[in-house]
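Engineer: Attaching a single structure in structure tokens format; questions to follow.
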Amino acid sequence: MPLFEIAKGTLRPVAQANFDVEKKLQALVEANLEAVFSCRLVASEHSTGVRHSGRIDTLALSEDNNPVIIEYKKVESSDLINQSLFYLAWLSDHRGDFEMAVQKALGKANVDWSAIRVICLAPNYKRYDLHAVQMMGANIELWTYRLFKNDSIYFEEVLQRSVTDGEPSAGPSLATPRLSPGKKAALTRATGSYTFDEHLEGKPEHIRDLALAVNDFIVGLDPAIQATPKKLYVAYKTAKNIVCMEVQKRQVVLFLKLDPKTHKGPVGISRDVSEIGHFGTGDLEVTLKTPADLDRSKPSIERAYHEVGS
């Protein structure tokens with residue numbers, strides 16, 4: 001479907017364009033990493049040394065402090081995926097080099113190596129490439145872009161392959177209350193050695209039920225939303241985190257990607273934590289103790305989803 005421009009009630013198709021050189025695509029993304037992928041730039045054209053003799057287009061750090069590799073092509077090419085896998089192997093073996101680059105670019109930061117995010121960005125992919133990535137044991141995302149002659153650009157994730165270190169996680173057990181097969185699948189998208197089930201362990205039954213109800217509501221907003229368990233919280237994300245959830249003994253705490261100055265959240269259970277240290281991302285904290293608290297919070301969760309970019 002083409003992109004249309006609205007002009008006095010008439011739809012006019014906008015012609016597509018492309019970058020004359022690949023470097024312009026890279027420069028545009030690197031200048032807008034926070035807006036597009038919610039990442040911070042670590043290095044551009046990072047050398048992998050004499051032995052590997054390569055240059056990683058973009059090294060970055062995600063909002064969850066995971067390493068990120070971004071590779072670009074302005075034309076359809078299988079080399080992009082092969083290149084990305086080569087650099088993924090290099091980064092896995094050169095953690096110290098990456099951490100030094102992070103310190104140089106961003107100052108002190110605790111890198112979370114439980115997952116390395118690899119992003120390939122090209123105008124299109126061959127169907128063989130899509131199948132190959134599905135079969136690979138690597139955490140690799142395939143994104144397409146469309147540049148238009150009216151100076152608009154559209155990014156779309158066409159495939160994400162997420163795996164754990166070692167054996168895939170089984171996720172929450174089938175005995176967990178009210179966990180439908182579809183929701184169970186959504187919970188098994190783990191990073192590193194962390195699973196959703198670990199966040200429920202040792203919690204009272206009513207807190208487990210509440211956490212599962214939060215999960216069901218958030219992943220039900222859009223099939224593209226992924227539940228990504230971290231060590232201390234669960235991140236719900238598309239390209240960026242929308243909500244981070246901490247499952248505690250007596251409550252479930254949400255951190256929403258909303259500006260507390262313009263959206264206060266449900267009265268009595270919300271507060272501005274933009275100046276308060278906390279795990280996860282999101283400046284609006286909402287504390288849930290009952291299903292009624294969750295019902296009151298749903299409009300705020302939906303708003304965070306729409307503002308991050310549905």
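Please note that chains go A, B, ... in the order of the structure tokens, that every chain numbers its residues from 1, and that ligands are numbered from 1 in the order shown.
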For Glu30 (chain A), find every residue with an atom within 9 Å (counting only C-alpha atoms), except residues of its own chain fewer than 2 positions away, and show them as an MDAnalysis selection string.

Structural biologist: chainID A and resid 25:28 32:34 40:41 44 58

Engineer: Give me the residues within 10 Å of Val36 (chain A) as a ChimeraX atom specification, counting only C-alpha atoms and dropping any in the same chain fewer than 5 places off.

Structural biologist: /A:29-31,155,239-240,308-309

Engineer: Taking only C-alpha atoms into account, which of A:Gly265, A:Gly202, A:Pro123, A:Pro13 comes nearest Ser77 (chain A)?

Structural biologist: A:Pro123

Engineer: For Asp112 (chain A), please output as a ChimeraX atom specification all residues within 9 Å (counting only C-alpha atoms; exclusion window: fewer than 6 positions along the same chain).

Structural biologist: /A:64-67

Engineer: Could those residues be written to a file, using N, CA and C atoms, as a compact mmCIF listing (two decimals), in the first residue's frame?

Structural biologist:
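Generated file (result-v7.txt):
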# COMPACT_ATOMS: atom_id res chain seq x y z
N ASP A 64 17.88 -0.75 28.04
CA ASP A 64 18.06 -1.75 29.08
C ASP A 64 19.54 -2.08 29.30
N ASN A 65 20.42 -1.25 28.71
CA ASN A 65 21.87 -1.40 28.84
C ASN A 65 22.42 -2.66 28.17
N ASN A 66 21.70 -3.16 27.16
CA ASN A 66 22.21 -4.28 26.36
C ASN A 66 23.03 -3.74 25.18
N PRO A 67 24.11 -4.43 24.78
CA PRO A 67 24.86 -4.02 23.58
C PRO A 67 23.98 -4.13 22.34

Engineer: Expressed in Å to a single decimal, how great is the separation between CA of His306 (chain A) and CA of Phe255 (chain A)?

Structural biologist: 15.3 Å

Engineer: I'd like the contact shell of Pro299 (chain A) - 12 Å cut-off, only C-alpha atoms, skipping same-chain residues fewer than 3 positions apart - returned as a ChimeraX atom specification.

Structural biologist: /A:217-218,221,256,258,263-266,293-296,302-306

Engineer: With N, CA and C atoms retained, write the just-selected residues as an mmCIF file, in the first residue's frame.

Structural biologist:
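After the write, out_19.cif holds the following:
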data_model
loop_
_atom_site.group_PDB
_atom_site.id
_atom_site.type_symbol
_atom_site.label_atom_id
_atom_site.label_comp_id
_atom_site.auth_asym_id
_atom_site.auth_seq_id
_atom_site.Cartn_x
_atom_site.Cartn_y
_atom_site.Cartn_z
ATOM 1 N N PHE A 217 -3.059 -8.020 29.627
ATOM 2 C CA PHE A 217 -3.577 -6.761 29.080
ATOM 3 C C PHE A 217 -2.574 -6.107 28.145
ATOM 4 N N ILE A 218 -1.303 -6.061 28.555
ATOM 5 C CA ILE A 218 -0.314 -5.349 27.740
ATOM 6 C C ILE A 218 -0.047 -6.063 26.423
ATOM 7 N N LEU A 221 -2.614 -5.660 23.668
ATOM 8 C CA LEU A 221 -2.773 -4.395 22.951
ATOM 9 C C LEU A 221 -2.313 -4.499 21.508
ATOM 10 N N LEU A 256 5.858 3.501 33.431
ATOM 11 C CA LEU A 256 5.300 3.789 32.118
ATOM 12 C C LEU A 256 6.116 4.857 31.394
ATOM 13 N N LEU A 258 5.754 7.622 30.038
ATOM 14 C CA LEU A 258 4.920 8.813 29.940
ATOM 15 C C LEU A 258 5.594 9.945 30.701
ATOM 16 N N HIS A 263 1.009 13.856 32.183
ATOM 17 C CA HIS A 263 0.070 12.764 32.484
ATOM 18 C C HIS A 263 0.350 12.268 33.894
ATOM 19 N N LYS A 264 -0.540 12.551 34.804
ATOM 20 C CA LYS A 264 -0.315 12.265 36.223
ATOM 21 C C LYS A 264 -0.569 10.812 36.596
ATOM 22 N N GLY A 265 -1.323 10.078 35.774
ATOM 23 C CA GLY A 265 -1.646 8.699 36.109
ATOM 24 C C GLY A 265 -2.785 8.618 37.106
ATOM 25 N N PRO A 266 -3.225 7.419 37.475
ATOM 26 C CA PRO A 266 -4.327 7.250 38.424
ATOM 27 C C PRO A 266 -3.998 7.884 39.778
ATOM 28 N N ASP A 293 -6.962 -1.611 40.876
ATOM 29 C CA ASP A 293 -5.865 -0.696 40.539
ATOM 30 C C ASP A 293 -5.449 -0.873 39.080
ATOM 31 N N LEU A 294 -5.408 -2.122 38.630
ATOM 32 C CA LEU A 294 -5.064 -2.383 37.236
ATOM 33 C C LEU A 294 -6.103 -1.752 36.302
ATOM 34 N N ASP A 295 -7.382 -1.916 36.613
ATOM 35 C CA ASP A 295 -8.434 -1.331 35.770
ATOM 36 C C ASP A 295 -8.267 0.183 35.676
ATOM 37 N N ARG A 296 -7.928 0.819 36.782
ATOM 38 C CA ARG A 296 -7.734 2.269 36.777
ATOM 39 C C ARG A 296 -6.504 2.669 35.964
ATOM 40 N N GLU A 302 -2.411 2.193 27.923
ATOM 41 C CA GLU A 302 -2.737 2.374 26.508
ATOM 42 C C GLU A 302 -2.116 3.656 25.963
ATOM 43 N N ARG A 303 -2.141 4.710 26.759
ATOM 44 C CA ARG A 303 -1.554 5.969 26.317
ATOM 45 C C ARG A 303 -0.050 5.825 26.116
ATOM 46 N N ALA A 304 0.628 5.118 27.017
ATOM 47 C CA ALA A 304 2.070 4.882 26.857
ATOM 48 C C ALA A 304 2.342 4.109 25.578
ATOM 49 N N TYR A 305 1.509 3.112 25.297
ATOM 50 C CA TYR A 305 1.661 2.327 24.068
ATOM 51 C C TYR A 305 1.547 3.214 22.830
ATOM 52 N N HIS A 306 0.557 4.098 22.805
ATOM 53 C CA HIS A 306 0.345 4.959 21.642
ATOM 54 C C HIS A 306 1.434 6.019 21.538
#

Engineer: Where does DSSP see strand (DSSP E) in region 21-176 of chain A, if you list the residues as a PyMOL selection string?

Structural biologist: chain A and resi 39-47+55-62+67-72+117-122+140-148+153-161

Engineer: So that I have them on file, write out the residues from the current selection with N, CA and C atoms, as a short mmCIF file (atom, residue, chain, number, x, y, z; two decimals), in the first residue's frame.

Structural biologist:
data_model
loop_
_atom_site.label_atom_id
_atom_site.label_comp_id
_atom_site.auth_asym_id
_atom_site.auth_seq_id
_atom_site.Cartn_x
_atom_site.Cartn_y
_atom_site.Cartn_z
N CYS A 39 18.05 3.90 21.77
CA CYS A 39 19.43 3.53 22.08
C CYS A 39 20.30 4.77 22.19
N ARG A 40 21.47 4.60 22.80
CA ARG A 40 22.48 5.65 22.87
C ARG A 40 23.68 5.24 22.04
N LEU A 41 24.20 6.18 21.26
CA LEU A 41 25.31 5.88 20.37
C LEU A 41 26.59 5.66 21.17
N VAL A 42 27.26 4.55 20.87
CA VAL A 42 28.55 4.23 21.48
C VAL A 42 29.68 4.54 20.50
N ALA A 43 29.54 4.07 19.25
CA ALA A 43 30.58 4.31 18.26
C ALA A 43 30.02 4.14 16.86
N SER A 44 30.57 4.90 15.93
CA SER A 44 30.23 4.78 14.52
C SER A 44 31.45 4.27 13.76
N GLU A 45 31.24 3.30 12.87
CA GLU A 45 32.34 2.70 12.11
C GLU A 45 33.43 2.17 13.05
N HIS A 46 33.00 1.34 13.99
CA HIS A 46 33.92 0.82 15.01
C HIS A 46 34.78 -0.30 14.42
N SER A 47 36.09 -0.13 14.50
CA SER A 47 37.03 -1.11 13.95
C SER A 47 37.07 -2.37 14.82
N ARG A 55 34.54 -3.27 10.10
CA ARG A 55 34.05 -2.08 10.77
C ARG A 55 32.55 -2.24 11.02
N ILE A 56 32.17 -2.20 12.27
CA ILE A 56 30.75 -2.27 12.62
C ILE A 56 30.14 -0.91 12.37
N ASP A 57 29.07 -0.88 11.59
CA ASP A 57 28.46 0.40 11.23
C ASP A 57 28.13 1.23 12.47
N THR A 58 27.32 0.65 13.36
CA THR A 58 26.90 1.38 14.56
C THR A 58 26.94 0.47 15.77
N LEU A 59 27.63 0.91 16.82
CA LEU A 59 27.56 0.26 18.12
C LEU A 59 26.76 1.17 19.04
N ALA A 60 25.85 0.58 19.81
CA ALA A 60 24.99 1.38 20.67
C ALA A 60 24.70 0.62 21.95
N LEU A 61 24.05 1.31 22.87
CA LEU A 61 23.61 0.71 24.13
C LEU A 61 22.11 0.93 24.25
N SER A 62 21.36 -0.14 24.47
CA SER A 62 19.91 -0.04 24.54
C SER A 62 19.46 0.61 25.84
N PRO A 67 24.11 -4.43 24.78
CA PRO A 67 24.86 -4.02 23.58
C PRO A 67 23.98 -4.13 22.34
N VAL A 68 24.20 -3.22 21.40
CA VAL A 68 23.42 -3.19 20.16
C VAL A 68 24.36 -3.02 18.98
N ILE A 69 24.16 -3.83 17.96
CA ILE A 69 24.87 -3.71 16.68
C ILE A 69 23.83 -3.33 15.63
N ILE A 70 24.13 -2.32 14.81
CA ILE A 70 23.23 -1.96 13.72
C ILE A 70 24.04 -1.96 12.42
N GLU A 71 23.54 -2.68 11.43
CA GLU A 71 24.15 -2.72 10.11
C GLU A 71 23.13 -2.28 9.06
N TYR A 72 23.62 -1.58 8.03
CA TYR A 72 22.72 -0.96 7.04
C TYR A 72 23.06 -1.41 5.62
N ARG A 117 21.62 -7.17 21.12
CA ARG A 117 20.61 -6.86 20.12
C ARG A 117 21.28 -6.56 18.78
N VAL A 118 20.91 -7.29 17.73
CA VAL A 118 21.47 -7.09 16.40
C VAL A 118 20.35 -6.63 15.47
N ILE A 119 20.53 -5.46 14.87
CA ILE A 119 19.51 -4.87 14.01
C ILE A 119 20.06 -4.76 12.60
N CYS A 120 19.36 -5.35 11.64
CA CYS A 120 19.69 -5.19 10.22
C CYS A 120 18.64 -4.27 9.60
N LEU A 121 19.09 -3.27 8.86
CA LEU A 121 18.19 -2.28 8.28
C LEU A 121 18.43 -2.19 6.78
N ALA A 122 17.42 -2.54 6.00
CA ALA A 122 17.53 -2.54 4.54
C ALA A 122 16.15 -2.28 3.94
N ILE A 140 18.48 -11.69 16.37
CA ILE A 140 18.66 -10.79 15.25
C ILE A 140 17.31 -10.24 14.79
N GLU A 141 17.27 -8.94 14.52
CA GLU A 141 16.05 -8.27 14.08
C GLU A 141 16.23 -7.79 12.65
N LEU A 142 15.26 -8.05 11.81
CA LEU A 142 15.27 -7.55 10.43
C LEU A 142 14.28 -6.41 10.33
N TRP A 143 14.78 -5.24 9.98
CA TRP A 143 13.95 -4.04 9.82
C TRP A 143 14.04 -3.56 8.38
N THR A 144 12.91 -3.06 7.85
CA THR A 144 12.92 -2.40 6.55
C THR A 144 12.66 -0.91 6.74
N TYR A 145 13.05 -0.14 5.74
CA TYR A 145 12.74 1.28 5.74
C TYR A 145 12.17 1.67 4.38
N ARG A 146 11.37 2.70 4.37
CA ARG A 146 10.85 3.28 3.14
C ARG A 146 11.06 4.79 3.21
N LEU A 147 11.83 5.31 2.26
CA LEU A 147 12.06 6.75 2.17
C LEU A 147 11.14 7.31 1.09
N PHE A 148 10.51 8.43 1.38
CA PHE A 148 9.57 9.04 0.44
C PHE A 148 10.05 10.42 0.03
N ILE A 153 10.07 9.11 6.29
CA ILE A 153 10.69 7.79 6.30
C ILE A 153 9.91 6.91 7.26
N TYR A 154 9.75 5.64 6.87
CA TYR A 154 8.97 4.69 7.65
C TYR A 154 9.83 3.48 7.95
N PHE A 155 9.88 3.09 9.24
CA PHE A 155 10.63 1.90 9.66
C PHE A 155 9.65 0.82 10.11
N GLU A 156 9.94 -0.42 9.72
CA GLU A 156 9.06 -1.53 10.13
C GLU A 156 9.90 -2.76 10.43
N GLU A 157 9.62 -3.40 11.57
CA GLU A 157 10.28 -4.65 11.90
C GLU A 157 9.54 -5.78 11.21
N VAL A 158 10.26 -6.53 10.38
CA VAL A 158 9.62 -7.62 9.65
C VAL A 158 9.89 -8.98 10.26
N LEU A 159 10.93 -9.06 11.11
CA LEU A 159 11.22 -10.33 11.76
C LEU A 159 12.13 -10.11 12.95
N GLN A 160 11.79 -10.75 14.06
CA GLN A 160 12.70 -10.80 15.20
C GLN A 160 12.85 -12.23 15.63
N ARG A 161 14.11 -12.61 15.84
CA ARG A 161 14.42 -13.97 16.32
C ARG A 161 15.07 -13.82 17.67
#

Engineer: Taking the DSSP assignment computed from this structure's backbone, write out as a PyMOL selection string all residues of region 207-304 of chain A that belong to alpha helix (DSSP H).

Structural biologist: chain A and resi 207-219+291-304

Engineer: Measuring between only C-alpha atoms, which one of A:Ala213, A:Ile207, A:Leu254, A:Val133 shows the shortest distance to Leu80 (chain A)?

Structural biologist: A:Val133

Engineer: Would you write out, as a tab-separated table, a table of all residues in region 77-124 of chain A that have an atom no more than 10 Å from an atom of region 49-54 of chain A, listing for each the closest atom pair and the distance in Å to one decimal, considering only C-alpha atoms and ordering rows by chain and rising residue number?

Structural biologist:
residue	atom	partner	partner_atom	distance
A:Gln83	CA	A:Gly54	CA	9.2
A:Phe86	CA	A:His52	CA	9.2
A:Tyr87	CA	A:Gly54	CA	8.2
A:Trp90	CA	A:His52	CA	8.0

Engineer: Any idea what's packed within 10 Å of Lys149 (chain A), counting only C-alpha atoms, ignoring anything in its chain fewer than 5 positions away? Could you give it as number ranges by chain?

Structural biologist: A: 14-18

Engineer: Please provide the set of residues having any atom within 10 Å of Glu307 (chain A), restricted to only C-alpha atoms, with same-chain residues fewer than 6 positions apart removed, written as a list in words.

Structural biologist: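 Close residues of Glu307 (chain A): Ile242, Lys257, Leu258 and Ile301 of chain A.
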
Engineer: Expressed in Å to a single decimal, how great is the separation between CA of Leu212 (chain A) and CA of Gly282 (chain A)?

Structural biologist: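 According to the coordinates, CA of Leu212 (chain A) and CA of Gly282 (chain A) are separated by 20.1 Å.
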